[in-house]
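Participant: Pasting work-v8.cif below, which is mmCIF, C-alpha atoms and all ligand atoms.
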data_coords
loop_
_atom_site.label_atom_id
_atom_site.label_comp_id
_atom_site.auth_asym_id
_atom_site.auth_seq_id
_atom_site.Cartn_x
_atom_site.Cartn_y
_atom_site.Cartn_z
CA MET A 1 86.35 63.33 130.33
CA LYS A 2 89.92 62.61 131.34
CA HIS A 3 93.15 63.68 129.64
CA LEU A 4 96.59 62.12 130.10
CA ILE A 5 99.19 64.87 130.38
CA ASP A 6 101.43 63.46 133.12
CA VAL A 7 101.80 59.82 134.19
CA LEU A 8 100.78 60.97 137.70
CA ASP A 9 97.33 61.75 136.27
CA LEU A 10 96.85 57.99 136.69
CA THR A 11 96.71 56.33 140.10
CA PRO A 12 98.79 53.17 140.68
CA ASN A 13 95.51 51.21 140.58
CA GLU A 14 94.61 52.70 137.20
CA ILE A 15 98.08 51.83 135.91
CA GLU A 16 97.67 48.27 137.17
CA ASP A 17 94.33 48.05 135.34
CA LEU A 18 95.95 49.31 132.13
CA ILE A 19 98.76 46.76 132.44
CA ASN A 20 96.24 43.98 133.00
CA THR A 21 94.13 45.09 130.04
CA ALA A 22 97.23 45.28 127.81
CA LYS A 23 98.17 41.74 128.82
CA GLU A 24 94.62 40.53 128.07
CA ILE A 25 94.75 42.17 124.64
CA MET A 26 98.09 40.45 123.92
CA LYS A 27 96.53 37.08 124.74
CA GLU A 28 93.52 37.50 122.44
CA PRO A 29 93.86 40.56 120.18
CA SER A 30 91.01 39.50 117.88
CA ALA A 31 88.52 39.87 120.73
CA TYR A 32 89.24 43.64 120.75
CA SER A 33 89.10 44.20 117.00
CA GLN A 34 85.74 46.04 117.05
CA VAL A 35 85.66 47.78 120.44
CA CYS A 36 86.39 51.23 118.95
CA GLN A 37 84.31 50.82 115.81
CA GLY A 38 83.20 54.26 114.56
CA LYS A 39 85.72 56.13 116.77
CA LYS A 40 88.49 58.36 115.44
CA LEU A 41 91.94 59.09 116.83
CA ALA A 42 93.73 62.28 115.72
CA THR A 43 97.53 62.18 115.92
CA LEU A 44 98.88 65.73 116.01
CA PHE A 45 102.65 65.43 115.85
CA PHE A 46 104.49 68.74 115.78
CA GLU A 47 107.77 66.86 116.32
CA PRO A 48 109.18 63.70 114.63
CA SER A 49 108.25 60.24 115.86
CA THR A 50 108.31 56.64 114.69
CA ARG A 51 107.20 54.50 117.63
CA THR A 52 104.77 56.73 119.43
CA ARG A 53 102.78 57.91 116.43
CA LEU A 54 102.75 54.60 114.58
CA SER A 55 101.96 52.54 117.69
CA PHE A 56 99.07 54.89 118.49
CA GLU A 57 97.82 54.52 114.94
CA ALA A 58 98.27 50.74 114.91
CA ALA A 59 96.53 50.59 118.30
CA MET A 60 93.47 52.44 117.02
CA TYR A 61 93.28 50.39 113.82
CA GLU A 62 93.53 47.16 115.82
CA LEU A 63 90.65 48.34 118.00
CA GLY A 64 88.51 48.81 114.87
CA GLY A 65 88.72 52.62 114.84
CA HIS A 66 90.03 55.18 112.37
CA VAL A 67 92.98 57.55 112.39
CA LEU A 68 93.58 61.06 111.01
CA GLY A 69 96.28 63.60 111.69
CA PHE A 70 99.62 65.03 110.68
CA SER A 71 103.20 63.96 111.33
CA GLU A 72 104.97 67.33 111.17
CA ALA A 73 104.06 70.91 111.98
CA ALA A 74 105.02 71.97 108.44
CA SER A 75 102.06 70.09 106.95
CA SER A 76 99.55 71.65 109.38
CA SER A 77 98.28 75.23 109.69
CA ALA A 78 100.78 75.71 112.52
CA ALA A 79 103.08 76.62 109.59
CA LYS A 80 100.73 79.58 108.93
CA GLY A 81 100.87 80.66 112.55
CA GLU A 82 97.82 78.89 113.99
CA SER A 83 97.98 78.45 117.77
CA VAL A 84 97.89 75.07 119.50
CA SER A 85 94.65 76.05 121.25
CA ASP A 86 92.87 76.84 117.95
CA THR A 87 94.22 73.67 116.33
CA VAL A 88 92.91 71.51 119.14
CA ARG A 89 89.50 73.25 119.30
CA VAL A 90 89.03 72.48 115.63
CA VAL A 91 90.41 68.93 115.68
CA SER A 92 88.28 67.97 118.66
CA ALA A 93 85.27 68.53 116.38
CA TYR A 94 86.69 65.92 113.98
CA ALA A 95 87.98 63.21 116.33
CA ASP A 96 86.96 61.36 119.51
CA ILE A 97 90.44 61.34 121.06
CA ILE A 98 93.72 63.17 120.36
CA ALA A 99 97.38 62.17 120.81
CA MET A 100 99.65 65.19 120.59
CA ARG A 101 103.44 65.60 120.54
CA HIS A 102 104.97 69.05 120.70
CA PRO A 103 108.53 70.41 121.14
CA LYS A 104 107.35 72.97 123.72
CA GLU A 105 107.05 71.82 127.32
CA GLY A 106 103.46 72.28 128.53
CA ALA A 107 101.88 72.55 125.06
CA PRO A 108 99.70 69.41 125.53
CA LEU A 109 98.53 70.73 128.91
CA VAL A 110 97.44 74.02 127.30
CA ALA A 111 95.84 72.08 124.44
CA SER A 112 93.86 69.93 126.88
CA MET A 113 92.21 73.08 128.26
CA TYR A 114 90.69 73.73 124.83
CA SER A 115 89.95 70.16 123.80
CA GLU A 116 86.40 68.82 123.72
CA VAL A 117 87.73 65.23 123.70
CA PRO A 118 90.35 63.32 125.74
CA LEU A 119 93.86 64.47 124.88
CA ILE A 120 97.01 62.41 125.42
CA ASN A 121 100.48 63.93 125.79
CA ALA A 122 102.65 61.98 123.34
CA GLY A 123 105.80 63.82 124.48
CA ASP A 124 106.35 67.52 125.25
CA GLY A 125 109.86 68.88 124.79
CA GLY A 126 112.27 67.77 127.51
CA HIS A 127 109.41 67.46 130.02
CA ASN A 128 107.28 64.30 130.01
CA HIS A 129 106.32 61.28 127.95
CA PRO A 130 103.62 59.46 129.90
CA THR A 131 102.69 56.81 127.32
CA GLN A 132 106.36 55.84 127.02
CA THR A 133 106.34 55.40 130.79
CA LEU A 134 103.24 53.20 130.60
CA THR A 135 105.13 51.16 128.00
CA ASP A 136 108.13 50.96 130.33
CA LEU A 137 105.98 49.89 133.29
CA LEU A 138 104.27 47.19 131.25
CA THR A 139 107.68 45.96 130.09
CA ILE A 140 109.14 45.89 133.60
CA HIS A 141 106.02 44.10 134.86
CA LYS A 142 106.21 41.51 132.08
CA GLU A 143 109.94 40.93 132.57
CA PHE A 144 110.00 40.81 136.40
CA GLY A 145 106.39 40.08 137.38
CA ARG A 146 106.41 43.11 139.70
CA LEU A 147 107.04 46.85 139.89
CA ASP A 148 108.49 47.03 143.39
CA GLY A 149 111.80 45.99 144.96
CA LEU A 150 113.90 46.95 141.93
CA THR A 151 117.14 48.85 141.41
CA ILE A 152 116.77 50.97 138.32
CA GLY A 153 119.74 52.54 136.58
CA CYS A 154 119.01 55.40 134.19
CA CYS A 155 121.94 56.16 131.92
CA GLY A 156 122.72 58.90 129.41
CA ASP A 157 121.02 62.23 128.93
CA LEU A 158 119.12 62.60 132.19
CA LYS A 159 118.80 66.35 131.74
CA PHE A 160 116.79 66.47 128.52
CA GLY A 161 115.50 62.88 128.43
CA ARG A 162 111.77 63.25 129.06
CA THR A 163 111.24 59.50 129.24
CA VAL A 164 113.53 59.33 132.27
CA HIS A 165 111.70 62.21 133.97
CA SER A 166 108.34 60.45 133.61
CA LEU A 167 109.82 57.09 134.63
CA LEU A 168 111.33 58.49 137.85
CA HIS A 169 107.97 59.99 138.85
CA ALA A 170 106.14 56.78 138.09
CA MET A 171 108.55 54.33 139.75
CA ALA A 172 108.90 56.54 142.84
CA ARG A 173 105.39 55.44 143.85
CA TYR A 174 106.37 51.77 144.23
CA LYS A 175 107.98 50.17 147.30
CA ASN A 176 111.71 49.54 147.77
CA ILE A 177 112.86 51.21 144.59
CA LYS A 178 116.42 52.40 144.26
CA PHE A 179 117.54 54.72 141.46
CA VAL A 180 121.10 54.85 140.14
CA LEU A 181 121.44 57.93 137.93
CA ILE A 182 124.35 57.55 135.52
CA SER A 183 125.22 60.59 133.43
CA PRO A 184 127.97 63.04 132.55
CA GLU A 185 128.09 65.97 134.97
CA GLU A 186 126.47 68.30 132.43
CA LEU A 187 123.54 65.96 131.77
CA ARG A 188 122.49 65.19 135.35
CA VAL A 189 118.77 65.14 136.19
CA PRO A 190 117.37 68.68 136.40
CA GLU A 191 117.57 70.41 139.77
CA TYR A 192 113.77 70.60 140.08
CA LEU A 193 113.53 66.80 139.86
CA ARG A 194 116.31 66.27 142.39
CA LYS A 195 114.74 68.68 144.87
CA GLU A 196 111.04 68.15 144.28
CA LEU A 197 111.06 64.40 143.78
CA LEU A 198 114.21 62.59 144.85
CA ILE A 199 115.05 64.60 147.97
CA LYS A 200 111.58 65.76 149.01
CA LYS A 201 110.16 62.23 148.85
CA GLY A 202 113.21 60.73 150.57
CA LEU A 203 113.89 58.32 147.72
CA ASP A 204 116.86 55.98 147.70
CA TYR A 205 119.10 57.25 144.89
CA GLU A 206 122.70 57.82 143.92
CA GLU A 207 124.31 59.74 141.10
CA THR A 208 127.43 58.56 139.31
CA THR A 209 129.32 59.06 136.08
CA ASN A 210 130.49 55.42 136.00
CA LEU A 211 128.35 52.88 134.14
CA GLU A 212 130.74 49.97 134.68
CA SER A 213 130.70 50.23 138.47
CA ALA A 214 126.91 50.60 138.55
CA LEU A 215 126.10 47.65 136.28
CA PRO A 216 126.55 44.70 138.72
CA GLY A 217 123.92 46.08 141.13
CA LEU A 218 121.15 46.83 138.63
CA ASP A 219 117.89 45.05 137.86
CA VAL A 220 116.98 47.46 135.07
CA LEU A 221 119.35 49.52 132.95
CA TYR A 222 117.35 52.24 131.18
CA MET A 223 119.62 53.56 128.44
CA THR A 224 118.86 56.86 126.68
CA ARG A 225 120.33 58.71 123.75
CA VAL A 226 121.81 62.19 124.08
CA GLN A 227 119.02 64.47 122.84
CA ARG A 228 120.68 66.38 120.02
CA GLU A 229 117.52 68.41 119.25
CA ARG A 230 117.53 69.99 122.74
CA PHE A 231 121.13 71.26 122.65
CA PHE A 232 121.80 74.93 121.96
CA ASN A 233 125.36 74.19 120.88
CA GLU A 234 126.30 71.42 118.39
CA GLN A 235 129.85 71.25 119.80
CA ASP A 236 128.49 70.29 123.22
CA TYR A 237 126.37 67.56 121.64
CA ILE A 238 129.36 66.14 119.74
CA ARG A 239 131.47 66.16 122.89
CA LEU A 240 128.83 64.35 124.97
CA LYS A 241 127.04 62.09 122.50
CA ASP A 242 129.21 59.00 123.04
CA SER A 243 129.61 59.34 126.80
CA TYR A 244 128.20 55.83 127.26
CA VAL A 245 128.18 52.93 124.84
CA LEU A 246 126.81 49.64 126.15
CA THR A 247 128.84 46.77 124.68
CA LYS A 248 129.00 42.99 125.09
CA GLU A 249 132.00 43.45 127.40
CA LYS A 250 130.08 45.80 129.67
CA MET A 251 127.06 43.45 129.67
CA ALA A 252 129.39 40.79 131.12
CA LEU A 253 129.64 42.92 134.29
CA ALA A 254 125.88 42.69 134.91
CA GLY A 255 123.84 39.93 136.51
CA PRO A 256 121.74 37.34 134.64
CA GLU A 257 118.48 39.00 135.67
CA LEU A 258 119.38 42.44 134.29
CA ARG A 259 116.99 43.84 131.71
CA VAL A 260 118.14 46.59 129.35
CA LEU A 261 115.42 49.01 128.33
CA HIS A 262 115.66 51.93 125.92
CA PRO A 263 112.76 54.07 124.73
CA LEU A 264 114.45 54.19 121.29
CA PRO A 265 115.50 55.58 118.87
CA ARG A 266 119.00 54.36 119.60
CA VAL A 267 121.87 56.28 118.07
CA ASN A 268 125.18 54.83 119.28
CA GLU A 269 124.61 54.16 122.98
CA ILE A 270 123.90 50.43 122.68
CA SER A 271 126.14 48.41 120.43
CA MET A 272 124.16 46.22 117.99
CA GLU A 273 125.94 43.10 119.30
CA VAL A 274 123.96 43.55 122.55
CA ASP A 275 120.67 43.00 120.66
CA GLU A 276 121.24 39.22 120.69
CA ASP A 277 121.57 39.12 124.48
CA PRO A 278 118.30 37.84 126.02
CA ARG A 279 118.64 40.58 128.64
CA ALA A 280 118.16 43.22 125.92
CA ALA A 281 114.45 44.01 126.26
CA TYR A 282 114.17 47.18 124.16
CA PHE A 283 112.56 45.67 121.08
CA ARG A 284 110.09 43.76 123.27
CA GLN A 285 109.48 47.12 124.98
CA ALA A 286 108.68 48.85 121.66
CA LYS A 287 106.19 46.08 120.85
CA ASN A 288 104.52 46.47 124.25
CA GLY A 289 103.91 50.14 123.41
CA LYS A 290 101.11 49.29 121.01
CA TYR A 291 99.24 47.15 123.55
CA ILE A 292 99.40 49.63 126.41
CA ARG A 293 98.20 52.39 124.04
CA MET A 294 95.28 50.13 123.02
CA ALA A 295 94.40 49.79 126.71
CA LEU A 296 94.75 53.56 127.24
CA ILE A 297 92.57 54.49 124.25
CA MET A 298 89.87 52.13 125.53
CA LYS A 299 90.05 53.62 129.01
CA LEU A 300 89.90 57.25 127.88
CA LEU A 301 87.06 56.53 125.44
CA GLY A 302 85.20 54.61 128.13
CA VAL A 303 84.85 51.48 126.01
CA SER A 304 85.30 47.92 127.23
CA LEU A 305 85.22 44.41 125.87
CA GLU A 306 82.15 43.72 128.01
CA GLY A 307 80.35 46.73 126.49
CA LYS A 308 80.75 45.20 123.03
CA LYS A 309 79.61 41.69 123.98
N1 LIG A 401 110.19 56.31 122.26
C1 LIG A 401 109.75 57.28 121.42
O1 LIG A 401 109.08 58.25 121.83
O2 LIG A 401 110.06 57.07 120.11
P1 LIG A 401 109.61 58.01 118.92
O3 LIG A 401 110.28 59.34 119.10
O4 LIG A 401 110.03 57.28 117.67
O5 LIG A 401 108.11 58.17 119.00
#
Translate this structure into structure tokens?
Ligand code: CP
Facilitator:
Amino acid sequence: MKHLIDVLDLTPNEIEDLINTAKEIMKEPSAYSQVCQGKKLATLFFEPSTRTRLSFEAAMYELGGHVLGFSEAASSSAAKGESVSDTVRVVSAYADIIAMRHPKEGAPLVASMYSEVPLINAGDGGHNHPTQTLTDLLTIHKEFGRLDGLTIGCCGDLKFGRTVHSLLHAMARYKNIKFVLISPEELRVPEYLRKELLIKKGLDYEETTNLESALPGLDVLYMTRVQRERFFNEQDYIRLKDSYVLTKEKMALAGPELRVLHPLPRVNEISMEVDEDPRAAYFRQAKNGKYIRMALIMKLLGVSLEGKK
């Protein structure tokens, strides 16, 4: 049994296989409509979600399986004080695979130690979001045809933005990657990531507060919202929330091959007028999320198209 807690739990070869499977599913979704017949996915979401929970659920339905779960801690026995470990022990008797989101960093890792079935981290606090990263990698691969030789700008809340943390770890394993980290001083990537990943691995990176000057050199611009729910002080959030707003005028500074990604939800950091620009890839990205989660569910359940033929 294998869990997915961190994107580095998967080797680059395994990620390549998942990307290939997702692309195969996109070509002929009906061929996969029964591969998870009789299997159940539990979605345990202790924190709000639209894309991750619903794309997991859509993924399981489209594979012919069933879904159970809850979308907020208040409607589970966590509200009565039940621990994550007890919740997962019980739910793993009801489901074949679990996707879990939790506001506390490390909660899915603890849960996986008590789970009798594969458990997927669907986002833990400001830490990691591995299935978003798989979505991002699939999107970059579809848009560019490769995962190496790219300059990737990450812009916004790089301190609390878990999708950026997972993406940096994942992309650092590919060749000739350059990171441009664009954030206000107070929202720079955490020190542990700078020391343990960027510096220790000798990665090519620069940090800047200036989006406009970074834009012309980027292949990917990964925009993020300022994570209001992780701030201790509302005044700080209000002061920082509109640090970067991507507009049509700023898009004119970038090259024709640029792709703008965003894990969504967007708040104010990308102007709606940018949506019409063919370089805006964030809604394509959200759609890709369902297909890569279909591939991941199949992998962790050990089912394949061939096994059903
Ligand atoms: N990208 C993402 O995790 O979105 P949700 O919070 O809506 O799941």
Participant: Which residues come within 7 Å of A:Leu68, counting only C-alpha atoms, excluding same-chain residues fewer than 4 positions away, as a list in words?
Facilitator: Leu41, Ala42 and Thr43 of chain A
Participant: I need the residue nearest A:Phe283 from this list: A:Ser304, A:Gln235, A:Thr209, A:Thr139. Use only C-alpha atoms for the distance.
Facilitator: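 Smallest separation from A:Phe283 among the options: A:Thr139.
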Participant: Which one is closest to A:Val180: A:Val110, A:Met223, A:Leu138, A:Ala79? Count all atoms listed in the file.
Facilitator: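 Looking only at the distances to A:Val180, the closest residue turns out to be A:Met223.
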Participant: Write as a list in words the residues around ligand LIG 401 (chain A), taking 9 Å as the cut-off and counting only C-alpha atoms and all ligand atoms.
Facilitator: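 These are the residues that qualify: Glu47, Pro48, Ser49, Thr50, Arg51, Thr52, Arg53, Leu54, Ser55, Arg101, Ala122, Gly123, His129, Thr131, Gln132, Thr163, His262, Pro263, Leu264, Pro265, Ala286 and Gly289 of chain A.
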Participant: Could you pull the residues within 12 Å of A:Ser243, counting all atoms listed in the file, minus those fewer than 4 positions along the same chain, as JSON, numbers by chain?
Facilitator: {"A": [155, 156, 157, 182, 183, 184, 185, 186, 187, 209, 210, 211, 223, 224, 225, 226, 236, 237, 238, 239, 268, 269, 270]}
Participant: Just give me the gap between atom CA of A:Ala281 and atom CA of A:Leu203 in Å, one decimal is fine.
Facilitator: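 For atom CA of A:Ala281 relative to atom CA of A:Leu203, the distance reads 25.8 Å.
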Participant: Quick one: distance from atom CA of A:Arg188 to atom CA of A:Glu206 in Å, one decimal?
Facilitator: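 Atom-to-atom, atom CA of A:Arg188 and atom CA of A:Glu206 are spaced 11.3 Å apart.
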Participant: Please indicate the distance in Å from atom CA of A:Asp124 to atom CA of A:Arg293, rounded to one decimal place.
Facilitator: 17.2 Å
